[in-house]
file run20.txt (compact mmCIF, C-alpha atoms)
# COMPACT_ATOMS: atom_id res chain seq x y z
CA MET Q 24 112.31 115.68 89.87
CA ASN Q 25 114.93 117.45 91.90
CA LEU Q 26 113.74 117.03 95.50
CA ALA Q 27 115.58 120.09 96.79
CA GLY Q 28 112.98 122.64 97.82
CA LYS Q 29 110.07 120.29 97.12
CA THR Q 30 107.31 119.50 99.64
CA ALA Q 31 106.69 115.84 100.40
CA LEU Q 32 103.83 114.38 102.44
CA ILE Q 33 104.60 110.92 103.84
CA THR Q 34 101.91 108.96 105.65
CA GLY Q 35 103.17 106.47 108.20
CA GLY Q 36 106.35 108.50 108.32
CA THR Q 37 107.17 108.03 111.99
CA SER Q 38 108.75 104.57 111.72
CA GLY Q 39 110.10 101.92 109.37
CA ILE Q 40 110.03 102.56 105.63
CA GLY Q 41 108.19 105.87 105.98
CA LEU Q 42 110.76 107.24 108.40
CA ALA Q 43 113.71 106.08 106.28
CA THR Q 44 112.10 107.77 103.28
CA ALA Q 45 111.56 110.99 105.21
CA LEU Q 46 115.21 111.06 106.27
CA ALA Q 47 116.39 110.41 102.70
CA MET Q 48 114.23 113.22 101.35
CA ILE Q 49 115.41 115.65 104.02
CA GLN Q 50 118.99 114.83 103.04
CA ARG Q 51 118.09 115.92 99.51
CA GLY Q 52 116.78 119.26 100.71
CA ALA Q 53 113.04 118.53 100.69
CA GLN Q 54 110.50 119.97 103.08
CA VAL Q 55 108.99 116.82 104.59
CA ILE Q 56 105.69 116.46 106.40
CA VAL Q 57 105.22 113.12 108.12
CA SER Q 58 101.86 111.97 109.43
CA GLY Q 59 100.91 109.32 111.92
CA ARG Q 60 98.23 108.44 114.42
CA THR Q 61 100.51 109.33 117.33
CA GLU Q 62 103.30 111.84 117.71
CA ARG Q 63 106.62 110.22 118.60
CA SER Q 64 109.11 112.54 120.23
CA ASP Q 65 112.11 110.31 119.45
CA THR Q 66 111.23 110.21 115.77
CA LEU Q 67 110.67 113.95 115.56
CA ALA Q 68 113.99 114.60 117.29
CA LEU Q 69 115.74 112.38 114.73
CA LEU Q 70 114.05 114.15 111.82
CA HIS Q 71 114.87 117.58 113.20
CA ARG Q 72 118.51 116.64 113.74
CA GLU Q 73 118.75 115.51 110.13
CA ALA Q 74 117.04 118.68 108.96
CA ARG Q 75 119.91 120.80 110.30
CA ASN Q 76 121.95 119.66 107.31
CA GLY Q 77 119.40 120.01 104.55
CA GLY Q 78 115.63 120.18 104.28
CA SER Q 79 113.03 120.52 106.99
CA ALA Q 80 110.74 118.20 108.96
CA HIS Q 81 107.24 118.64 110.31
CA PHE Q 82 104.58 116.37 111.86
CA LEU Q 83 100.82 116.35 111.34
CA LYS Q 84 98.65 113.93 113.29
CA ALA Q 85 96.13 111.98 111.22
CA ASP Q 86 94.44 108.58 110.97
CA VAL Q 87 94.35 108.04 107.23
CA SER Q 88 91.99 105.08 107.51
CA ASN Q 89 89.33 107.79 107.92
CA LYS Q 90 88.50 109.62 104.69
CA GLU Q 91 87.78 112.90 106.45
CA GLU Q 92 91.18 112.70 108.14
CA CYS Q 93 92.78 112.17 104.72
CA LYS Q 94 91.11 115.27 103.39
CA ARG Q 95 92.04 117.29 106.49
CA LEU Q 96 95.67 116.12 106.32
CA ALA Q 97 96.01 117.22 102.72
CA SER Q 98 94.20 120.50 103.38
CA ASP Q 99 96.29 121.34 106.44
CA THR Q 100 99.48 120.57 104.53
CA LEU Q 101 98.48 122.80 101.65
CA VAL Q 102 97.44 125.65 103.96
CA LYS Q 103 100.67 125.53 105.98
CA TYR Q 104 103.18 124.65 103.26
CA LYS Q 105 101.45 125.96 100.11
CA ALA Q 106 102.10 122.90 97.93
CA ILE Q 107 102.50 119.13 97.82
CA ASP Q 108 104.96 117.92 95.20
CA VAL Q 109 105.36 114.34 96.44
CA LEU Q 110 102.89 112.00 98.14
CA VAL Q 111 104.12 108.73 99.66
CA HIS Q 112 101.44 106.52 101.21
CA SER Q 113 103.45 104.37 103.60
CA ALA Q 114 100.85 104.02 106.37
CA GLY Q 115 99.56 100.51 106.89
CA GLY Q 116 99.76 97.43 109.03
CA GLY Q 117 99.33 93.70 109.15
CA VAL Q 118 95.86 92.23 108.75
CA PRO Q 119 95.77 88.60 109.94
CA GLY Q 120 92.95 86.22 109.13
CA SER Q 121 91.95 83.66 106.53
CA LEU Q 122 88.80 83.89 104.41
CA MET Q 123 86.59 82.16 106.97
CA ASP Q 124 88.23 83.66 110.06
CA ILE Q 125 88.48 87.36 109.32
CA SER Q 126 85.67 89.61 110.53
CA GLU Q 127 83.83 91.95 108.19
CA PRO Q 128 84.97 95.10 110.07
CA ILE Q 129 88.62 94.06 109.85
CA TRP Q 130 88.21 93.31 106.12
CA GLU Q 131 86.72 96.77 105.56
CA GLN Q 132 89.35 98.51 107.69
CA ALA Q 133 92.08 96.96 105.55
CA PHE Q 134 90.62 98.64 102.47
CA ASP Q 135 90.17 101.93 104.34
CA MET Q 136 93.84 102.06 105.34
CA HIS Q 137 95.57 100.72 102.25
CA VAL Q 138 93.30 101.47 99.27
CA HIS Q 139 90.69 104.08 100.16
CA ALA Q 140 93.29 106.29 101.86
CA ILE Q 141 95.35 106.73 98.70
CA PHE Q 142 92.16 107.39 96.71
CA HIS Q 143 91.18 110.27 99.02
CA LEU Q 144 94.72 111.60 99.48
CA ALA Q 145 95.51 111.60 95.77
CA ARG Q 146 92.29 113.38 94.87
CA ALA Q 147 93.14 116.03 97.46
CA VAL Q 148 96.75 116.66 96.36
CA VAL Q 149 96.55 116.29 92.57
CA PRO Q 150 95.14 119.81 92.00
CA SER Q 151 98.22 121.30 93.69
CA MET Q 152 100.52 119.12 91.60
CA LYS Q 153 98.74 120.16 88.41
CA GLN Q 154 99.23 123.83 89.29
CA ARG Q 155 102.97 123.26 89.71
CA GLY Q 156 103.27 121.27 86.48
CA GLU Q 157 104.62 118.05 88.00
CA GLY Q 158 104.19 115.60 90.85
CA ALA Q 159 105.14 112.19 92.12
CA ILE Q 160 102.86 109.75 93.95
CA ILE Q 161 104.27 106.58 95.49
CA LEU Q 162 102.16 103.66 96.72
CA ILE Q 163 103.61 100.98 98.99
CA SER Q 164 102.39 97.47 98.18
CA SER Q 165 104.00 94.19 99.29
CA VAL Q 166 105.17 90.88 97.89
CA ALA Q 167 102.12 89.51 99.72
CA GLY Q 168 100.10 91.30 97.05
CA LEU Q 169 101.95 89.45 94.27
CA ARG Q 170 101.75 85.82 95.46
CA GLY Q 171 99.33 83.70 97.45
CA VAL Q 172 100.07 83.76 101.17
CA PRO Q 173 98.01 81.76 103.70
CA GLY Q 174 96.22 83.43 106.58
CA ILE Q 175 96.25 87.07 105.41
CA VAL Q 176 93.50 87.23 102.82
CA ALA Q 177 92.63 90.89 103.41
CA TYR Q 178 96.23 92.11 103.52
CA GLY Q 179 97.18 90.25 100.35
CA THR Q 180 94.07 91.51 98.57
CA VAL Q 181 94.51 95.19 99.39
CA LYS Q 182 98.23 95.10 98.63
CA GLY Q 183 97.47 93.31 95.36
CA ALA Q 184 95.12 96.14 94.39
CA LEU Q 185 97.84 98.78 94.64
CA PRO Q 186 100.00 97.91 91.59
CA GLN Q 187 96.91 98.06 89.37
CA MET Q 188 95.71 101.24 91.07
CA THR Q 189 99.16 102.63 90.30
CA ARG Q 190 98.81 101.83 86.60
CA MET Q 191 95.32 103.33 86.39
CA MET Q 192 96.28 106.53 88.20
CA ALA Q 193 99.48 106.86 86.17
CA ARG Q 194 97.50 106.66 82.93
CA ASP Q 195 94.95 109.19 84.15
CA LEU Q 196 97.54 111.70 85.34
CA ALA Q 197 100.28 111.42 82.70
CA ASP Q 198 99.05 114.39 80.68
CA ALA Q 199 99.52 116.54 83.80
CA ASN Q 200 103.13 115.29 84.23
CA ILE Q 201 102.18 113.56 87.48
CA ARG Q 202 103.96 110.23 87.81
CA VAL Q 203 102.59 107.37 89.90
CA ASN Q 204 104.71 104.37 90.88
CA CYS Q 205 104.50 101.51 93.35
CA ILE Q 206 107.07 99.80 95.56
CA SER Q 207 106.54 96.20 96.75
CA PRO Q 208 108.85 95.32 99.66
CA GLY Q 209 109.55 91.81 100.82
CA ILE Q 210 110.77 90.94 104.30
CA ILE Q 211 112.15 94.20 105.64
CA ARG Q 212 113.41 94.51 109.20
CA THR Q 213 110.88 96.99 110.61
CA PRO Q 214 108.46 96.86 113.58
CA PHE Q 215 106.02 95.19 111.15
CA HIS Q 216 108.06 91.97 111.49
CA ASP Q 217 108.80 92.17 115.22
CA ARG Q 218 106.43 89.27 115.93
CA MET Q 219 108.36 86.93 113.66
CA THR Q 220 109.75 83.95 115.56
CA ALA Q 221 113.40 82.94 115.44
CA GLU Q 222 112.39 79.81 113.53
CA GLN Q 223 110.52 81.86 110.93
CA LYS Q 224 113.47 84.19 110.49
CA GLU Q 225 115.87 81.26 110.06
CA ASN Q 226 113.59 79.70 107.44
CA ASN Q 227 113.40 82.99 105.54
CA LEU Q 228 117.16 83.41 105.47
CA LYS Q 229 117.96 79.82 104.61
CA ASN Q 230 115.14 78.84 102.28
CA ARG Q 231 112.98 81.73 101.08
CA ILE Q 232 115.26 84.68 100.30
CA PRO Q 233 117.93 83.92 97.66
CA LEU Q 234 120.19 86.69 98.97
CA HIS Q 235 119.94 85.13 102.47
CA ARG Q 236 119.33 88.36 104.33
CA GLU Q 237 116.47 90.62 105.29
CA GLY Q 238 116.07 94.01 103.71
CA THR Q 239 116.34 97.32 105.52
CA PRO Q 240 114.04 100.35 105.44
CA GLU Q 241 116.86 102.18 103.68
CA ASP Q 242 116.82 99.59 100.87
CA VAL Q 243 113.19 100.47 100.20
CA ALA Q 244 113.65 104.19 100.73
CA SER Q 245 116.33 104.29 98.02
CA ALA Q 246 113.83 102.84 95.53
CA ILE Q 247 111.21 105.38 96.57
CA ILE Q 248 113.69 108.20 96.06
CA MET Q 249 114.61 106.84 92.63
CA ALA Q 250 110.94 106.66 91.65
CA CYS Q 251 110.52 110.30 92.67
CA GLU Q 252 113.65 111.55 90.92
CA ASN Q 253 113.33 109.57 87.66
CA ASP Q 254 111.20 111.79 85.45
CA PHE Q 255 110.64 109.13 82.79
CA MET Q 256 109.17 106.37 84.92
CA THR Q 257 105.47 106.00 85.69
CA GLY Q 258 102.97 103.20 86.21
CA GLU Q 259 105.63 100.78 87.44
CA ASN Q 260 105.84 98.36 90.37
CA ILE Q 261 109.32 97.86 91.80
CA VAL Q 262 109.91 94.74 93.91
CA ILE Q 263 112.51 94.95 96.70
CA ASP Q 264 112.62 91.46 98.23
CA GLY Q 265 116.06 89.88 97.86
CA GLY Q 266 114.76 87.75 95.00
CA MET Q 267 112.06 86.02 97.03
CA THR Q 268 109.20 86.29 94.53
CA MET Q 269 111.26 85.54 91.41
CA ARG Q 270 112.29 82.06 92.55
CA ILE Q 271 110.80 78.65 91.70
CA VAL Q 272 112.99 76.58 94.05
call {"tool": "encode", "arguments": {"input": "run20.txt", "output": "structure tokens"}}
result
Amino acid sequence: MNLAGKTALITGGTSGIGLATALAMIQRGAQVIVSGRTERSDTLALLHREARNGGSAHFLKADVSNKEECKRLASDTLVKYKAIDVLVHSAGGGVPGSLMDISEPIWEQAFDMHVHAIFHLARAVVPSMKQRGEGAIILISSVAGLRGVPGIVAYGTVKGALPQMTRMMARDLADANIRVNCISPGIIRTPFHDRMTAEQKENNLKNRIPLHREGTPEDVASAIIMACENDFMTGENIVIDGGMTMRIV
């Protein structure tokens, strides 16, 4: 898919990986709609500055943990911009708590944000993609969904569901030339990791990440762009983690 002139909807697009992806798509000439629960003037200014050299940037407020908000976001995008060629579900957040500690509402909210949101968003945008004869849907999982991690049972579970959801959606939508792929980041320096202690960071760099450095949002965004532009890839999960999950010792 050539992103020039395409319309991309990016949830969680006001910071971190979502923002880096939005900037990369604008640079390729795409019309980008970012959504978030709050409008951030600094982010919008950055997007609009970038858009002077290529595509365009717009913001739509939405809480995608609410299914009606998902439907409204897709509907408003289609009404205003006539099509959605690319959907990137980057919205999310940490969900602390072990099996016996986590509350039922927090468990359910984790599924609403990470799993149910993409279900409702995809069902809303796929008809537009079918009309245009192609589409790309990108889910954002995590290495926490690939390996056992203590103290985040809900987060690891919902992120673990996304690679399989990717495969199932990709198989369902292949005949319509709609490709679905998943990206699983490791430790990426975004606000998500701001609460990490200096000791935890040192342990990651020395002992956990073979490349001995954290990733950047741009590292992940480049993989998302590749998954959108590569017309012969679907149903795949791409891990961007500096080698962390491939290691034994």
call {"tool": "closest_atom_pairs", "arguments": {"input": "run20.txt", "of": "region 88-170 of chain Q", "to": "region 202-220 of chain Q", "cutoff": "8 Å", "atoms": "only C-alpha atoms", "output": "Markdown table"}}
result
| residue | atom | partner | partner_atom | distance |
| --- | --- | --- | --- | --- |
| Q:Gly116 | CA | Q:Phe215 | CA | 7.0 |
| Q:Gly117 | CA | Q:Phe215 | CA | 7.1 |
| Q:Glu157 | CA | Q:Arg202 | CA | 7.9 |
| Q:Gly158 | CA | Q:Arg202 | CA | 6.2 |
| Q:Ala159 | CA | Q:Arg202 | CA | 4.9 |
| Q:Ile160 | CA | Q:Val203 | CA | 4.7 |
| Q:Ile161 | CA | Q:Asn204 | CA | 5.1 |
| Q:Leu162 | CA | Q:Cys205 | CA | 4.6 |
| Q:Ile163 | CA | Q:Ile206 | CA | 5.0 |
| Q:Ser164 | CA | Q:Ser207 | CA | 4.6 |
| Q:Ser165 | CA | Q:Ser207 | CA | 4.1 |
| Q:Val166 | CA | Q:Gly209 | CA | 5.4 |
| Q:Ala167 | CA | Q:Gly209 | CA | 7.9 |
call {"tool": "closest_residue", "arguments": {"input": "run20.txt", "among": "Q:Ile33, Q:Leu42, Q:Ala193, Q:Val262", "to": "Leu169 (chain Q)", "atoms": "all atoms listed in the file"}}
result
Q:Val262
call {"tool": "residues_around", "arguments": {"input": "run20.txt", "residues": "region 244-255 of chain Q", "least_positions_apart": "4", "cutoff": "7 Å", "atoms": "all atoms listed in the file", "output": "PyMOL selection string"}}
result
chain Q and resi 24-25+40+43-44+159+204+240
call {"tool": "residues_around", "arguments": {"input": "run20.txt", "residues": "Pro150 (chain Q)", "least_positions_apart": "2", "cutoff": "12 Å", "atoms": "all atoms listed in the file", "output": "MDAnalysis selection string"}}
result
chainID Q and resid 97:98 101 105:108 144:148 152:158 196 199 201
call {"tool": "residues_around", "arguments": {"input": "run20.txt", "residues": "Pro119 (chain Q)", "least_positions_apart": "2", "cutoff": "8 Å", "atoms": "all atoms listed in the file", "output": "mmCIF file with C-alpha atoms, in the coordinates of the input"}}
result
data_model
loop_
_atom_site.group_PDB
_atom_site.id
_atom_site.type_symbol
_atom_site.label_atom_id
_atom_site.label_comp_id
_atom_site.auth_asym_id
_atom_site.auth_seq_id
_atom_site.Cartn_x
_atom_site.Cartn_y
_atom_site.Cartn_z
ATOM 1 C CA GLY Q 117 99.330 93.700 109.150
ATOM 2 C CA SER Q 121 91.950 83.660 106.530
ATOM 3 C CA ILE Q 125 88.480 87.360 109.320
ATOM 4 C CA GLY Q 174 96.220 83.430 106.580
ATOM 5 C CA ILE Q 175 96.250 87.070 105.410
ATOM 6 C CA VAL Q 176 93.500 87.230 102.820
ATOM 7 C CA ALA Q 177 92.630 90.890 103.410
ATOM 8 C CA TYR Q 178 96.230 92.110 103.520
#
call {"tool": "residues_around", "arguments": {"input": "run20.txt", "residues": "His71 (chain Q)", "least_positions_apart": "3", "cutoff": "12 Å", "atoms": "all atoms listed in the file", "output": "list in words"}}
result
Ala45, Leu46, Ile49, Gln50, Gln54, Val55, Ile56, Val57, Ser64, Asp65, Thr66, Leu67, Ala68, Ala74, Arg75, Asn76, Gly77, Gly78, Ser79, Ala80, His81 and Phe82 of chain Q
call {"tool": "closest_residue", "arguments": {"input": "run20.txt", "among": "Q:Thr30, Q:Gln223, Q:Asn230, Q:Thr239", "to": "Lys103 (chain Q)", "atoms": "only C-alpha atoms"}}
result
Q:Thr30
call {"tool": "atom_distance", "arguments": {"input": "run20.txt", "atom1": "CA of Pro233 (chain Q)", "atom2": "CA of Gly266 (chain Q)"}}
result
5.6 Å
call {"tool": "closest_residue", "arguments": {"input": "run20.txt", "among": "Q:His112, Q:His139, Q:Arg194, Q:Arg270", "to": "Leu32 (chain Q)", "atoms": "all atoms listed in the file"}}
result
Q:His112
call {"tool": "build_atoms", "arguments": {"input": "run20.txt", "residues": "region 181-210 of chain Q", "atoms": "N, CA and C atoms", "output": "compact mmCIF listing (two decimals), keeping the file's coordinate frame"}}
result
# COMPACT_ATOMS: atom_id res chain seq x y z
N VAL Q 181 94.36 93.74 99.51
CA VAL Q 181 94.51 95.19 99.39
C VAL Q 181 95.87 95.55 98.80
N LYS Q 182 96.91 94.82 99.19
CA LYS Q 182 98.23 95.10 98.63
C LYS Q 182 98.27 94.72 97.15
N GLY Q 183 97.53 93.68 96.77
CA GLY Q 183 97.47 93.31 95.36
C GLY Q 183 96.74 94.33 94.51
N ALA Q 184 95.85 95.10 95.13
CA ALA Q 184 95.12 96.14 94.39
C ALA Q 184 96.02 97.31 94.02
N LEU Q 185 97.08 97.54 94.80
CA LEU Q 185 97.84 98.78 94.64
C LEU Q 185 98.66 98.86 93.35
N PRO Q 186 99.31 97.78 92.88
CA PRO Q 186 100.00 97.91 91.59
C PRO Q 186 99.06 98.27 90.44
N GLN Q 187 97.86 97.70 90.44
CA GLN Q 187 96.91 98.06 89.37
C GLN Q 187 96.36 99.46 89.57
N MET Q 188 96.13 99.86 90.80
CA MET Q 188 95.71 101.24 91.07
C MET Q 188 96.79 102.20 90.59
N THR Q 189 98.03 101.82 90.78
CA THR Q 189 99.16 102.63 90.30
C THR Q 189 99.08 102.82 88.79
N ARG Q 190 98.88 101.73 88.05
CA ARG Q 190 98.81 101.83 86.60
C ARG Q 190 97.65 102.70 86.15
N MET Q 191 96.50 102.55 86.79
CA MET Q 191 95.32 103.33 86.39
C MET Q 191 95.51 104.82 86.68
N MET Q 192 96.04 105.13 87.86
CA MET Q 192 96.28 106.53 88.20
C MET Q 192 97.36 107.13 87.30
N ALA Q 193 98.41 106.35 87.02
CA ALA Q 193 99.48 106.86 86.17
C ALA Q 193 98.95 107.22 84.79
N ARG Q 194 98.06 106.38 84.28
CA ARG Q 194 97.50 106.66 82.93
C ARG Q 194 96.61 107.89 82.97
N ASP Q 195 95.84 108.03 84.02
CA ASP Q 195 94.95 109.19 84.15
C ASP Q 195 95.72 110.51 84.27
N LEU Q 196 96.86 110.46 84.94
CA LEU Q 196 97.54 111.70 85.34
C LEU Q 196 98.75 112.04 84.48
N ALA Q 197 99.06 111.19 83.50
CA ALA Q 197 100.28 111.42 82.70
C ALA Q 197 100.26 112.75 81.95
N ASP Q 198 99.12 113.14 81.44
CA ASP Q 198 99.05 114.39 80.68
C ASP Q 198 99.38 115.60 81.56
N ALA Q 199 99.21 115.45 82.86
CA ALA Q 199 99.52 116.54 83.80
C ALA Q 199 100.95 116.44 84.33
N ASN Q 200 101.74 115.50 83.78
CA ASN Q 200 103.13 115.29 84.23
C ASN Q 200 103.19 114.89 85.70
N ILE Q 201 102.18 114.13 86.13
CA ILE Q 201 102.18 113.56 87.48
C ILE Q 201 102.45 112.08 87.34
N ARG Q 202 103.54 111.62 87.93
CA ARG Q 202 103.96 110.23 87.81
C ARG Q 202 103.52 109.45 89.04
N VAL Q 203 103.05 108.23 88.82
CA VAL Q 203 102.59 107.37 89.90
C VAL Q 203 103.32 106.04 89.80
N ASN Q 204 103.99 105.64 90.86
CA ASN Q 204 104.71 104.37 90.88
C ASN Q 204 104.47 103.65 92.20
N CYS Q 205 104.79 102.37 92.20
CA CYS Q 205 104.50 101.51 93.35
C CYS Q 205 105.77 100.76 93.75
N ILE Q 206 105.95 100.57 95.03
CA ILE Q 206 107.07 99.80 95.56
C ILE Q 206 106.50 98.61 96.34
N SER Q 207 107.01 97.41 96.06
CA SER Q 207 106.54 96.20 96.75
C SER Q 207 107.68 95.58 97.54
N PRO Q 208 107.77 95.89 98.84
CA PRO Q 208 108.85 95.32 99.66
C PRO Q 208 108.56 93.87 100.02
N GLY Q 209 109.65 93.15 100.27
CA GLY Q 209 109.55 91.81 100.82
C GLY Q 209 109.71 91.85 102.32
N ILE Q 210 110.57 90.99 102.85
CA ILE Q 210 110.77 90.94 104.30
C ILE Q 210 111.81 91.99 104.68
